[in-house]
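Asks: Contents of input38.csv (CSV, C-alpha atoms) are below:
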chain,number,residue,atom,x,y,z
A,1,MET,CA,102.8,43.0,-100.9
A,2,LYS,CA,99.2,42.3,-99.8
A,3,ALA,CA,97.1,44.8,-98.0
A,4,GLU,CA,97.3,42.8,-94.8
A,5,GLU,CA,101.1,42.6,-95.1
A,6,ARG,CA,101.3,46.3,-95.5
A,7,LEU,CA,99.1,46.9,-92.5
A,8,ILE,CA,101.3,44.6,-90.4
A,9,GLU,CA,104.4,46.5,-91.6
A,10,TYR,CA,102.9,49.8,-90.5
A,11,CYS,CA,101.5,48.6,-87.2
A,12,LYS,CA,104.9,47.3,-86.1
A,13,ILE,CA,106.3,50.8,-86.3
A,14,ASP,CA,105.7,52.6,-83.0
A,15,THR,CA,104.2,56.0,-83.7
A,16,GLN,CA,102.4,56.7,-80.4
A,17,SER,CA,101.9,60.5,-79.9
A,18,ASP,CA,102.7,62.1,-76.6
A,19,PRO,CA,99.9,64.2,-74.9
A,20,ASN,CA,102.5,65.5,-72.5
A,21,ASN,CA,104.4,67.2,-75.3
A,22,GLU,CA,101.5,68.6,-77.3
A,23,ALA,CA,103.1,72.0,-77.6
A,24,VAL,CA,105.5,70.5,-80.1
A,25,THR,CA,104.5,69.0,-83.5
A,26,PRO,CA,105.2,66.1,-83.9
A,27,SER,CA,104.8,65.3,-80.2
A,28,SER,CA,107.0,62.3,-80.6
A,29,GLN,CA,110.0,62.0,-83.0
A,30,LYS,CA,109.3,58.4,-83.7
A,31,GLN,CA,106.4,59.3,-85.9
A,32,PHE,CA,109.1,60.3,-88.5
A,33,ASN,CA,110.0,56.6,-88.8
A,34,LEU,CA,106.7,55.8,-90.5
A,35,ALA,CA,106.7,59.2,-92.3
A,36,ASN,CA,110.1,58.5,-93.9
A,37,LEU,CA,109.0,55.0,-95.0
A,38,LEU,CA,105.9,56.4,-96.6
A,39,VAL,CA,107.9,59.0,-98.5
A,40,SER,CA,110.1,56.3,-99.9
A,41,GLN,CA,107.1,54.1,-100.9
A,42,LEU,CA,105.3,57.1,-102.5
A,43,LYS,CA,108.3,57.9,-104.6
A,44,GLU,CA,108.5,54.3,-105.7
A,45,LEU,CA,104.9,54.5,-106.9
A,46,GLY,CA,105.7,57.5,-109.1
A,47,LEU,CA,104.1,60.2,-107.1
A,48,GLN,CA,105.4,63.7,-107.4
A,49,ASN,CA,106.2,66.6,-104.9
A,50,VAL,CA,106.7,63.9,-102.2
A,51,GLU,CA,108.0,65.4,-99.0
A,52,VAL,CA,107.9,65.2,-95.2
A,53,ASP,CA,108.2,68.6,-93.6
A,54,GLU,CA,109.7,69.6,-90.3
A,55,HIS,CA,106.4,68.9,-88.5
A,56,CYS,CA,106.1,65.4,-89.8
A,57,TYR,CA,103.4,66.0,-92.4
A,58,VAL,CA,103.7,63.9,-95.5
A,59,TYR,CA,102.5,65.4,-98.8
A,60,ALA,CA,102.4,63.9,-102.3
A,61,LYS,CA,100.6,64.2,-105.7
A,62,LEU,CA,99.7,61.7,-108.2
A,63,PRO,CA,99.5,63.6,-111.5
A,64,SER,CA,96.4,63.5,-113.7
A,65,ASN,CA,96.6,61.1,-116.7
A,66,THR,CA,93.4,62.5,-118.4
A,67,ASN,CA,92.9,65.5,-120.7
A,68,LYS,CA,89.6,66.2,-118.9
A,69,VAL,CA,89.3,69.0,-116.4
A,70,VAL,CA,88.8,67.1,-113.2
A,71,ASP,CA,88.7,68.2,-109.5
A,72,THR,CA,91.8,67.5,-107.5
A,73,ILE,CA,90.7,65.2,-104.7
A,74,GLY,CA,92.6,64.2,-101.6
A,75,PHE,CA,92.9,61.3,-99.3
A,76,ILE,CA,94.2,61.7,-95.7
A,77,ALA,CA,95.1,59.4,-92.8
A,78,HIS,CA,97.0,59.9,-89.6
A,79,MET,CA,100.2,58.2,-88.7
A,80,ASP,CA,100.2,58.3,-84.9
A,81,THR,CA,98.5,55.8,-82.5
A,82,ALA,CA,96.7,56.7,-79.3
A,83,PRO,CA,98.6,57.4,-76.1
A,84,ASP,CA,96.0,55.4,-74.2
A,85,PHE,CA,97.8,52.1,-74.6
A,86,SER,CA,101.2,50.9,-75.6
A,87,GLY,CA,102.1,50.8,-79.3
A,88,THR,CA,105.6,49.3,-78.7
A,89,ASN,CA,106.4,45.8,-80.1
A,90,VAL,CA,103.0,45.4,-81.7
A,91,ASN,CA,102.6,41.7,-82.7
A,92,PRO,CA,99.5,41.3,-84.9
A,93,ARG,CA,98.0,38.0,-85.9
A,94,ILE,CA,95.3,37.0,-88.4
A,95,ILE,CA,92.3,34.9,-87.6
A,96,GLU,CA,90.9,33.1,-90.6
A,97,ASN,CA,87.1,32.6,-90.7
A,98,PHE,CA,86.3,34.0,-87.3
A,99,ASP,CA,83.9,31.6,-85.5
A,100,GLY,CA,82.2,34.3,-83.4
A,101,ASN,CA,83.5,33.0,-80.1
A,102,ASP,CA,85.9,34.5,-77.6
A,103,ILE,CA,89.4,35.1,-78.9
A,104,LYS,CA,92.3,34.2,-76.6
A,105,LEU,CA,94.9,36.9,-77.2
A,106,ASN,CA,97.4,35.5,-74.7
A,107,ASP,CA,97.5,33.3,-71.6
A,108,GLU,CA,96.0,36.1,-69.5
A,109,VAL,CA,93.9,38.2,-71.9
A,110,THR,CA,90.8,37.1,-73.7
A,111,LEU,CA,88.7,39.2,-76.1
A,112,SER,CA,85.3,38.3,-74.8
A,113,MET,CA,82.1,38.4,-76.8
A,114,ASP,CA,80.2,39.3,-73.7
A,115,SER,CA,82.2,42.5,-73.5
A,116,PHE,CA,82.0,43.2,-77.3
A,117,PRO,CA,78.8,41.5,-78.4
A,118,TRP,CA,78.7,43.3,-81.7
A,119,MET,CA,81.7,41.3,-82.8
A,120,LYS,CA,79.5,38.2,-83.1
A,121,ASP,CA,78.3,39.8,-86.4
A,122,LEU,CA,81.8,39.4,-87.8
A,123,LYS,CA,81.5,35.6,-87.8
A,124,GLY,CA,83.1,34.3,-91.0
A,125,LYS,CA,85.3,37.3,-91.5
A,126,ARG,CA,89.1,37.5,-91.5
A,127,LEU,CA,90.3,39.5,-88.5
A,128,MET,CA,93.6,41.0,-87.5
A,129,VAL,CA,94.0,41.2,-83.7
A,130,THR,CA,96.7,42.0,-81.1
A,131,ASP,CA,98.6,39.6,-78.8
A,132,GLY,CA,96.9,41.3,-75.9
A,133,SER,CA,100.0,43.4,-74.8
A,134,THR,CA,99.6,46.4,-77.1
A,135,LEU,CA,97.0,48.2,-79.2
A,136,LEU,CA,97.0,47.2,-82.9
A,137,GLY,CA,97.3,50.6,-84.6
A,138,ALA,CA,94.7,50.0,-87.3
A,139,ASP,CA,93.6,53.4,-86.1
A,140,ASP,CA,94.7,54.8,-88.4
A,141,LYS,CA,97.3,52.6,-90.2
A,142,ALA,CA,94.4,50.8,-91.8
A,143,GLY,CA,93.6,54.1,-93.4
A,144,ILE,CA,97.1,54.6,-94.6
A,145,THR,CA,97.1,51.0,-96.0
A,146,SER,CA,93.9,51.5,-98.0
A,147,ILE,CA,95.3,54.7,-99.5
A,148,MET,CA,98.6,53.2,-100.4
A,149,GLU,CA,97.0,50.1,-101.8
A,150,ALA,CA,94.8,52.2,-104.0
A,151,LEU,CA,97.9,54.0,-105.3
A,152,VAL,CA,99.5,50.6,-106.0
A,153,TYR,CA,96.5,49.7,-108.1
A,154,LEU,CA,96.7,52.9,-110.1
A,155,HIS,CA,100.4,52.4,-110.6
A,156,ASP,CA,99.9,48.9,-111.9
A,157,HIS,CA,96.9,49.9,-114.1
A,158,PRO,CA,98.0,53.1,-116.0
A,159,GLU,CA,95.0,52.6,-118.3
A,160,VAL,CA,92.7,53.7,-115.5
A,161,LYS,CA,92.0,57.4,-116.0
A,162,HIS,CA,92.0,59.8,-113.1
A,163,GLY,CA,92.6,63.5,-112.3
A,164,GLU,CA,95.2,64.8,-109.9
A,165,ILE,CA,95.1,63.1,-106.5
A,166,ALA,CA,96.5,64.7,-103.4
A,167,ILE,CA,97.8,62.5,-100.5
A,168,GLY,CA,98.4,63.6,-96.9
A,169,PHE,CA,99.5,61.8,-93.8
A,170,THR,CA,99.4,63.7,-90.6
A,171,PRO,CA,100.9,63.3,-87.1
A,172,ASP,CA,99.3,63.8,-83.7
A,173,GLU,CA,95.7,63.3,-84.6
A,174,GLU,CA,95.1,61.3,-81.5
A,175,ILE,CA,96.0,64.3,-79.3
A,176,GLY,CA,93.8,66.7,-81.3
A,177,ASN,CA,96.6,68.4,-83.2
A,178,GLY,CA,96.5,66.6,-86.6
A,179,PRO,CA,95.6,69.7,-88.7
A,180,ARG,CA,97.7,72.1,-86.6
A,181,PHE,CA,100.3,72.7,-89.4
A,182,PHE,CA,98.5,71.1,-92.3
A,183,ASP,CA,99.1,73.2,-95.4
A,184,VAL,CA,95.7,73.2,-97.2
A,185,LYS,CA,97.1,75.4,-100.0
A,186,LYS,CA,100.1,73.1,-100.6
A,187,PHE,CA,97.8,70.0,-100.5
A,188,GLY,CA,95.8,71.6,-103.3
A,189,ALA,CA,92.6,69.6,-103.3
A,190,SER,CA,89.0,70.8,-103.9
A,191,PHE,CA,87.8,68.3,-101.3
A,192,ALA,CA,89.2,65.3,-99.5
A,193,TYR,CA,88.4,62.2,-97.4
A,194,THR,CA,89.9,61.1,-94.1
A,195,MET,CA,90.2,57.3,-94.2
A,196,ASP,CA,89.8,56.6,-90.5
A,197,GLY,CA,87.5,54.8,-88.1
A,198,GLY,CA,85.2,51.8,-88.0
A,199,THR,CA,83.2,49.8,-90.4
A,200,VAL,CA,83.7,50.5,-94.1
A,201,ARG,CA,80.0,51.2,-94.4
A,202,GLU,CA,80.7,54.3,-92.3
A,203,LEU,CA,80.3,57.7,-94.1
A,204,SER,CA,80.6,60.5,-91.5
A,205,ASP,CA,79.8,64.1,-92.2
A,206,GLU,CA,79.0,65.1,-88.7
A,207,THR,CA,81.1,65.3,-85.6
A,208,PHE,CA,80.9,66.7,-82.1
A,209,ASN,CA,81.5,70.3,-81.3
A,210,ALA,CA,84.3,70.1,-78.8
A,211,ALA,CA,85.8,72.1,-76.0
A,212,SER,CA,88.1,71.5,-73.0
A,213,ALA,CA,87.9,73.0,-69.5
A,214,VAL,CA,90.4,73.2,-66.6
A,215,VAL,CA,89.0,74.2,-63.2
A,216,THR,CA,91.5,75.1,-60.5
A,217,PHE,CA,90.9,75.4,-56.8
A,218,LYS,CA,92.9,77.3,-54.1
A,219,GLY,CA,92.7,76.1,-50.6
A,220,VAL,CA,93.8,77.2,-47.1
A,221,SER,CA,96.0,74.6,-45.4
A,222,ILE,CA,96.0,74.6,-41.6
A,223,HIS,CA,96.9,71.9,-39.1
A,224,PRO,CA,93.7,69.7,-39.0
A,225,GLY,CA,93.6,70.0,-35.2
A,226,GLU,CA,93.0,73.8,-35.6
A,227,ALA,CA,91.1,73.7,-38.8
A,228,LYS,CA,87.5,74.5,-37.7
A,229,ASP,CA,86.2,77.5,-39.7
A,230,ARG,CA,89.7,78.2,-41.0
A,231,MET,CA,90.7,75.4,-43.4
A,232,ILE,CA,89.5,75.3,-47.0
A,233,ASN,CA,90.3,71.9,-48.4
A,234,ALA,CA,90.9,72.4,-52.1
A,235,ALA,CA,90.5,68.7,-52.8
A,236,ASN,CA,87.1,68.6,-51.1
A,237,VAL,CA,86.0,71.7,-52.9
A,238,ALA,CA,86.9,70.1,-56.2
A,239,CYS,CA,84.7,67.1,-55.3
A,240,GLU,CA,81.9,69.5,-54.4
A,241,TYR,CA,82.3,71.1,-57.8
A,242,GLN,CA,82.2,67.8,-59.6
A,243,ALA,CA,79.0,66.8,-57.7
A,244,MET,CA,77.3,69.9,-59.3
A,245,MET,CA,77.8,68.4,-62.8
A,246,PRO,CA,74.7,66.4,-64.0
A,247,ALA,CA,75.3,62.7,-63.5
A,248,TYR,CA,73.3,61.9,-66.7
A,249,ALA,CA,75.6,64.0,-68.8
A,250,THR,CA,78.7,61.7,-68.7
A,251,PRO,CA,80.1,59.5,-71.5
A,252,GLU,CA,78.9,56.3,-69.7
A,253,HIS,CA,75.3,57.5,-69.7
A,254,THR,CA,75.1,59.0,-73.2
A,255,ALA,CA,74.8,57.7,-76.8
A,256,GLY,CA,73.7,58.9,-80.2
A,257,ARG,CA,73.4,62.6,-80.3
A,258,ASP,CA,73.7,63.1,-76.5
A,259,GLY,CA,76.5,65.4,-75.5
A,260,PHE,CA,78.5,65.0,-72.3
A,261,ILE,CA,80.8,66.6,-69.7
A,262,HIS,CA,83.6,64.2,-69.1
A,263,LEU,CA,86.0,64.5,-66.1
A,264,HIS,CA,89.1,62.8,-67.5
A,265,ASP,CA,91.8,63.9,-65.0
A,266,MET,CA,92.0,65.1,-61.4
A,267,LYS,CA,94.7,65.9,-58.9
A,268,GLY,CA,95.0,67.9,-55.7
A,269,ASP,CA,95.5,68.2,-52.0
A,270,VAL,CA,94.4,70.6,-49.3
A,271,GLU,CA,96.4,73.5,-50.8
A,272,SER,CA,95.4,73.2,-54.4
A,273,ALA,CA,93.4,71.0,-56.8
A,274,GLU,CA,92.6,70.8,-60.5
A,275,LEU,CA,90.0,69.1,-62.6
A,276,GLU,CA,90.3,68.6,-66.4
A,277,TYR,CA,87.2,68.1,-68.5
A,278,ILE,CA,86.3,67.6,-72.1
A,279,ILE,CA,82.9,68.9,-73.2
A,280,ARG,CA,81.1,67.6,-76.3
A,281,ASP,CA,77.8,68.1,-78.2
A,282,HIS,CA,76.7,67.9,-81.8
A,283,ASP,CA,74.5,70.9,-81.2
A,284,TYR,CA,76.7,74.0,-80.6
A,285,ALA,CA,74.0,75.8,-78.6
A,286,LYS,CA,73.8,72.8,-76.3
A,287,LEU,CA,77.6,72.9,-76.0
A,288,GLU,CA,77.4,76.5,-74.9
A,289,LYS,CA,74.8,75.6,-72.3
A,290,LYS,CA,77.2,73.0,-70.9
A,291,LYS,CA,80.0,75.6,-70.7
A,292,ASN,CA,77.7,78.1,-69.0
A,293,LEU,CA,76.7,75.4,-66.4
A,294,MET,CA,80.3,74.9,-65.6
A,295,MET,CA,81.0,78.6,-65.2
A,296,GLU,CA,77.9,79.1,-63.0
A,297,ALA,CA,79.2,76.2,-60.8
A,298,VAL,CA,82.4,78.2,-60.4
A,299,LYS,CA,80.4,81.2,-59.2
A,300,THR,CA,78.6,79.1,-56.7
A,301,ILE,CA,81.8,77.8,-55.3
A,302,ASN,CA,83.3,81.3,-55.0
A,303,ALA,CA,80.1,82.6,-53.4
A,304,GLU,CA,80.5,79.9,-50.7
A,305,TYR,CA,84.3,79.9,-50.1
A,306,GLY,CA,85.6,83.3,-51.5
A,307,ASP,CA,86.1,84.9,-54.9
A,308,SER,CA,89.5,83.5,-55.6
A,309,THR,CA,88.8,79.9,-54.6
A,310,ALA,CA,87.8,78.5,-58.0
A,311,SER,CA,88.6,79.6,-61.6
A,312,ILE,CA,87.9,78.0,-65.0
A,313,THR,CA,89.6,78.2,-68.4
A,314,ILE,CA,87.5,76.9,-71.4
A,315,LYS,CA,88.9,76.4,-74.9
A,316,ASP,CA,87.1,75.4,-78.0
A,317,SER,CA,88.8,72.4,-79.8
A,318,TYR,CA,86.9,71.8,-83.0
A,319,HIS,CA,83.4,72.3,-84.5
A,320,ASN,CA,80.9,70.1,-86.1
A,321,MET,CA,82.0,69.7,-89.7
A,322,LYS,CA,78.3,69.3,-90.8
A,323,GLU,CA,78.1,73.1,-90.8
A,324,VAL,CA,80.6,73.1,-93.7
A,325,LEU,CA,79.6,70.0,-95.5
A,326,GLU,CA,75.9,71.0,-95.7
A,327,LYS,CA,77.0,74.0,-97.7
A,328,GLN,CA,79.5,72.1,-99.8
A,329,PRO,CA,77.9,68.7,-100.2
A,330,LYS,CA,79.9,67.4,-103.3
A,331,ALA,CA,82.4,65.3,-101.4
A,332,VAL,CA,79.6,63.5,-99.4
A,333,GLU,CA,77.4,63.0,-102.5
A,334,ILE,CA,80.3,61.4,-104.5
A,335,ALA,CA,81.2,59.1,-101.6
A,336,LYS,CA,77.6,58.1,-101.1
A,337,LYS,CA,77.2,57.2,-104.8
A,338,SER,CA,80.5,55.3,-104.8
A,339,MET,CA,79.6,53.2,-101.7
A,340,GLU,CA,76.2,52.4,-103.1
A,341,GLU,CA,77.7,51.2,-106.3
A,342,LEU,CA,79.7,48.8,-104.3
A,343,GLY,CA,76.6,47.5,-102.6
A,344,LEU,CA,77.4,48.9,-99.2
A,345,GLU,CA,74.5,49.7,-96.8
A,346,ILE,CA,75.8,53.1,-95.7
A,347,LEU,CA,76.0,53.9,-92.0
A,348,ASN,CA,75.6,57.6,-91.7
A,349,GLU,CA,75.6,58.4,-88.0
A,350,PRO,CA,77.1,61.4,-86.2
A,351,VAL,CA,80.6,60.7,-85.0
A,352,ARG,CA,80.9,60.7,-81.2
A,353,GLY,CA,84.3,62.3,-81.5
A,354,GLY,CA,86.3,64.2,-84.1
A,355,THR,CA,88.5,63.6,-87.1
A,356,ASP,CA,91.2,65.6,-88.8
A,357,GLY,CA,88.5,66.3,-91.3
A,358,ALA,CA,86.4,68.3,-88.8
A,359,GLN,CA,89.2,70.9,-88.4
A,360,LEU,CA,90.2,70.7,-92.1
A,361,SER,CA,86.7,71.4,-93.2
A,362,PHE,CA,86.8,74.7,-91.3
A,363,MET,CA,90.2,75.4,-92.8
A,364,GLY,CA,88.7,75.4,-96.3
A,365,LEU,CA,89.0,71.7,-97.2
A,366,PRO,CA,85.6,69.9,-97.1
A,367,CYS,CA,86.6,66.5,-95.7
A,368,PRO,CA,84.1,63.8,-94.6
A,369,ASN,CA,85.3,60.5,-93.1
A,370,ILE,CA,85.1,56.9,-94.4
A,371,GLY,CA,85.8,53.9,-92.2
A,372,CYS,CA,88.4,51.1,-93.0
A,373,GLY,CA,87.2,48.2,-90.9
A,374,GLY,CA,88.7,48.8,-87.5
A,375,GLY,CA,87.2,48.5,-84.1
A,376,ASN,CA,87.8,48.5,-80.3
A,377,PHE,CA,90.3,51.3,-80.8
A,378,HIS,CA,92.9,52.6,-78.3
A,379,GLY,CA,93.4,49.4,-76.4
A,380,ARG,CA,94.5,45.7,-76.4
A,381,PHE,CA,91.2,44.5,-77.9
A,382,GLU,CA,91.6,46.5,-81.1
A,383,TYR,CA,90.9,44.6,-84.4
A,384,CYS,CA,90.7,45.2,-88.1
A,385,VAL,CA,88.3,43.3,-90.4
A,386,LEU,CA,90.6,42.5,-93.3
A,387,ASP,CA,87.6,41.9,-95.7
A,388,GLU,CA,86.5,45.5,-95.0
A,389,LEU,CA,90.0,46.9,-95.4
A,390,GLU,CA,90.0,45.4,-98.9
A,391,THR,CA,86.6,47.0,-99.6
A,392,SER,CA,87.9,50.4,-98.4
A,393,ILE,CA,90.5,50.3,-101.2
A,394,GLN,CA,87.6,49.8,-103.7
A,395,VAL,CA,85.8,52.7,-102.1
A,396,ILE,CA,88.7,55.0,-102.8
A,397,LEU,CA,89.1,53.7,-106.4
A,398,THR,CA,85.4,54.1,-107.1
A,399,ILE,CA,85.4,57.6,-105.7
A,400,ILE,CA,88.3,58.4,-108.1
A,401,LYS,CA,86.4,56.9,-111.0
A,402,ASN,CA,83.2,58.9,-110.3
A,403,VAL,CA,85.1,62.1,-109.9
A,404,THR,CA,86.9,61.5,-113.2
A,405,GLU,CA,83.7,60.6,-115.0
A,406,ALA,CA,81.7,63.5,-113.6
Kindly return the structure encoded in the file as structure tokens.
Replies:
Amino acid sequence: MKAEERLIEYCKIDTQSDPNNEAVTPSSQKQFNLANLLVSQLKELGLQNVEVDEHCYVYAKLPSNTNKVVDTIGFIAHMDTAPDFSGTNVNPRIIENFDGNDIKLNDEVTLSMDSFPWMKDLKGKRLMVTDGSTLLGADDKAGITSIMEALVYLHDHPEVKHGEIAIGFTPDEEIGNGPRFFDVKKFGASFAYTMDGGTVRELSDETFNAASAVVTFKGVSIHPGEAKDRMINAANVACEYQAMMPAYATPEHTAGRDGFIHLHDMKGDVESAELEYIIRDHDYAKLEKKKNLMMEAVKTINAEYGDSTASITIKDSYHNMKEVLEKQPKAVEIAKKSMEELGLEILNEPVRGGTDGAQLSFMGLPCPNIGCGGGNFHGRFEYCVLDELETSIQVILTIIKNVTEA
């Protein structure tokens, strides 16, 4: 089986996580369909301690075949696809020698280079794309593919020496719960890599600090004909609150190391209203300032309309893994050396998001992220550069080589 055939096999399995069921792990039982397949394939490759637990976490170990004392290293990818767009009946196709022009996905949908101008740089590459009706699922089935293909190589080349290698596949990463029940002790690695994300040149050791906020509003509903000085329209108050948030600090106006306050859901009427936000910043002190701004806005609303009109609940989601990886740099240093050996011009930029590795790093498993060639994630325009997928397999094998030779 070629890497592209494996990727298609995995992409065709619907593993979409369910944000409306996030109290349960996995949030969707269909994620077990891929987990069970991976368990079978891992056993066929001779891995040991292969299991999928009740929460849909897949664990496996490739035993060491060297007498040297070598760090146990891990490779991790997530099985779920994003809830933003359908992952049912995925029908991938391959474009040979991409010409850099618009890609017609179906009679009604075109992947336009005007909308995605950076894709022009992929001219001459082999791309896998969707049929325009679903996402692809390369996020993160490309990561699973690169890990499995590296294991195939080691199985077929027993002369290649390596230490113990830990493998982990997680559910529910797309709804922020990937590491929720991840057993770091059972995994047993000194450090690990999540294989997830964009270009294979990507080596990520910094993520956002992340929090969520829910702001609720209580109104007073009275017949509008008798409402003067008596009605409090919760929906209007919610709009007033949102207007207090700085317009420049939204995702559509930020890039690089800029943080943001993102209103991603709203509902309400005269009687009650609710606004849901995510808050992000690479600098934790700046994240705290954003939280404080939102809390002060609640106080302003209550000063105008009454103490119980607005309330806010803020929860931290994950922290910037740079805080851990700066103190334990070995994983990043080895990845950097390995990628340079392969002639890759490393792209080391702060991730404008999070990975399983962000939470795992704070759980005691230093875990930077390496890309696998995907792009335009979470929608019908998703693609995977198959040339880069092949290179990501070599990145894994080179990391294993350098850890073994250290």
Asks: Of the residues A:His253, A:Lys327, A:Lys30, A:His78, which is the one nearest to A:Gly137, using only C-alpha atoms?
Replies: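 Result for the nearest residue to A:Gly137: A:His78.
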Asks: Would you compute the distance between atom CA of A:Arg280 and atom CA of A:Val351? Give it in Å to one decimal.
Replies: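 According to the coordinates, atom CA of A:Arg280 and atom CA of A:Val351 are separated by 11.1 Å.
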Asks: Pick out the residues sitting within 9 Å of A:Thr199, and hand them over as a PyMOL selection string; count all atoms listed in the file, and ignore anything fewer than 3 positions along from it in its own chain.
Replies: chain A and resi 202+347+370-375+385+388-389
Asks: Show which residues sit within 9 Å of A:Asn376, as a ChimeraX atom specification. Count all atoms listed in the file, and ignore same-chain residues fewer than 6 positions away.
Replies: /A:116,198,382-384
Asks: Would you work out the distance separating atom CA of A:Glu206 from atom CA of A:Ser317, expressed in Å to one decimal?
Replies: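 Taking atom CA of A:Glu206 as the start and atom CA of A:Ser317 as the end point, the length is 15.1 Å.
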Asks: Please provide the set of residues having any atom within 8 Å of A:Asp265, restricted to all atoms listed in the file, with same-chain residues fewer than 2 positions apart removed, written as a compact mmCIF listing (two decimals) with C-alpha atoms, keeping the file's coordinate frame.
Replies:
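This went into around-v3.txt:
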# COMPACT_ATOMS: atom_id res chain seq x y z
CA LEU A 263 86.00 64.50 -66.10
CA LYS A 267 94.70 65.90 -58.90
CA LEU A 275 90.00 69.10 -62.60
CA GLU A 276 90.30 68.60 -66.40
CA TYR A 277 87.20 68.10 -68.50
Asks: As a list in words, please: the residues near stretch 230-241 of chain A (cut-off 6 Å, all atoms listed in the file, same-chain neighbours under 6 positions excluded).
Replies: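 Near stretch 230-241 of chain A, the qualifying residues are Phe217, Lys218, Gly219, Val220, Ser221, Ile222, Gly268, Asp269, Val270, Glu271, Ser272 and Ala273 of chain A.
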Asks: Could you name the residues that touch A:Lys337 at 12 Å or less, counting only C-alpha atoms, but leaving out those on the same chain fewer than 2 positions away, as a list in words?
Replies: Leu203, Lys330, Ala331, Val332, Glu333, Ile334, Ala335, Met339, Glu340, Glu341, Leu342, Gly343, Leu344, Glu345, Ile346, Val395, Ile396, Thr398, Ile399, Ile400, Lys401, Asn402, Val403 and Ala406 of chain A
Asks: Go ahead and compute the interatomic distance for atom CA of A:Asn292 and atom CA of A:Tyr305, in Å to one decimal.
Replies: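 Answer for the atom CA of A:Asn292 to atom CA of A:Tyr305 separation: 20.1 Å.
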Asks: Using all atoms listed in the file, which residue out of A:Pro224, A:Gly87, A:Pro329, A:Gly306 lies closest to A:Ala138?
Replies: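 Using all atoms listed in the file, A:Ala138 sits closest to A:Gly87.
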Asks: Of the candidates A:Glu349, A:Gly176, A:Asn101, A:Ala303, which one gets nearest to A:Gly256 if we count only C-alpha atoms?
Replies: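 Counting only C-alpha atoms, the residue closest to A:Gly256 is A:Glu349.
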Asks: Just give me the residues with any atom within 9 Å of (105.2, 57.2, -105.1), file coordinates, counting all atoms listed in the file, written as a list in words.
Replies: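 Protein and nucleic acid residues near the point are Leu38, Val39, Ser40, Gln41, Leu42, Lys43, Glu44, Leu45, Gly46, Leu47, Gln48, Val50, Ala60, Lys61, Leu62, Leu151, Val152 and His155 of chain A.
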Asks: For A:Gly353, which residue out of A:Ala210, A:Ala297, A:Met244, A:Met321 is the nearest one, using all atoms listed in the file?
Replies: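 Using all atoms listed in the file, the shortest distance to A:Gly353 belongs to A:Ala210.
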Asks: Select all residues near (92.3, 64.1, -99.4) (cut-off 10 Å, inclusive, file coordinates), counting only C-alpha atoms, and output them as a PyMOL selection string.
Replies: chain A and resi 72-77+147+165-169+184+187-195+357+365-368
Asks: Just write the chosen residues, C-alpha atoms, as an mmCIF file, in the coordinates of the input.
Replies:
data_model
loop_
_atom_site.group_PDB
_atom_site.id
_atom_site.type_symbol
_atom_site.label_atom_id
_atom_site.label_comp_id
_atom_site.auth_asym_id
_atom_site.auth_seq_id
_atom_site.Cartn_x
_atom_site.Cartn_y
_atom_site.Cartn_z
ATOM 1 C CA THR A 72 91.800 67.500 -107.500
ATOM 2 C CA ILE A 73 90.700 65.200 -104.700
ATOM 3 C CA GLY A 74 92.600 64.200 -101.600
ATOM 4 C CA PHE A 75 92.900 61.300 -99.300
ATOM 5 C CA ILE A 76 94.200 61.700 -95.700
ATOM 6 C CA ALA A 77 95.100 59.400 -92.800
ATOM 7 C CA ILE A 147 95.300 54.700 -99.500
ATOM 8 C CA ILE A 165 95.100 63.100 -106.500
ATOM 9 C CA ALA A 166 96.500 64.700 -103.400
ATOM 10 C CA ILE A 167 97.800 62.500 -100.500
ATOM 11 C CA GLY A 168 98.400 63.600 -96.900
ATOM 12 C CA PHE A 169 99.500 61.800 -93.800
ATOM 13 C CA VAL A 184 95.700 73.200 -97.200
ATOM 14 C CA PHE A 187 97.800 70.000 -100.500
ATOM 15 C CA GLY A 188 95.800 71.600 -103.300
ATOM 16 C CA ALA A 189 92.600 69.600 -103.300
ATOM 17 C CA SER A 190 89.000 70.800 -103.900
ATOM 18 C CA PHE A 191 87.800 68.300 -101.300
ATOM 19 C CA ALA A 192 89.200 65.300 -99.500
ATOM 20 C CA TYR A 193 88.400 62.200 -97.400
ATOM 21 C CA THR A 194 89.900 61.100 -94.100
ATOM 22 C CA MET A 195 90.200 57.300 -94.200
ATOM 23 C CA GLY A 357 88.500 66.300 -91.300
ATOM 24 C CA LEU A 365 89.000 71.700 -97.200
ATOM 25 C CA PRO A 366 85.600 69.900 -97.100
ATOM 26 C CA CYS A 367 86.600 66.500 -95.700
ATOM 27 C CA PRO A 368 84.100 63.800 -94.600
#
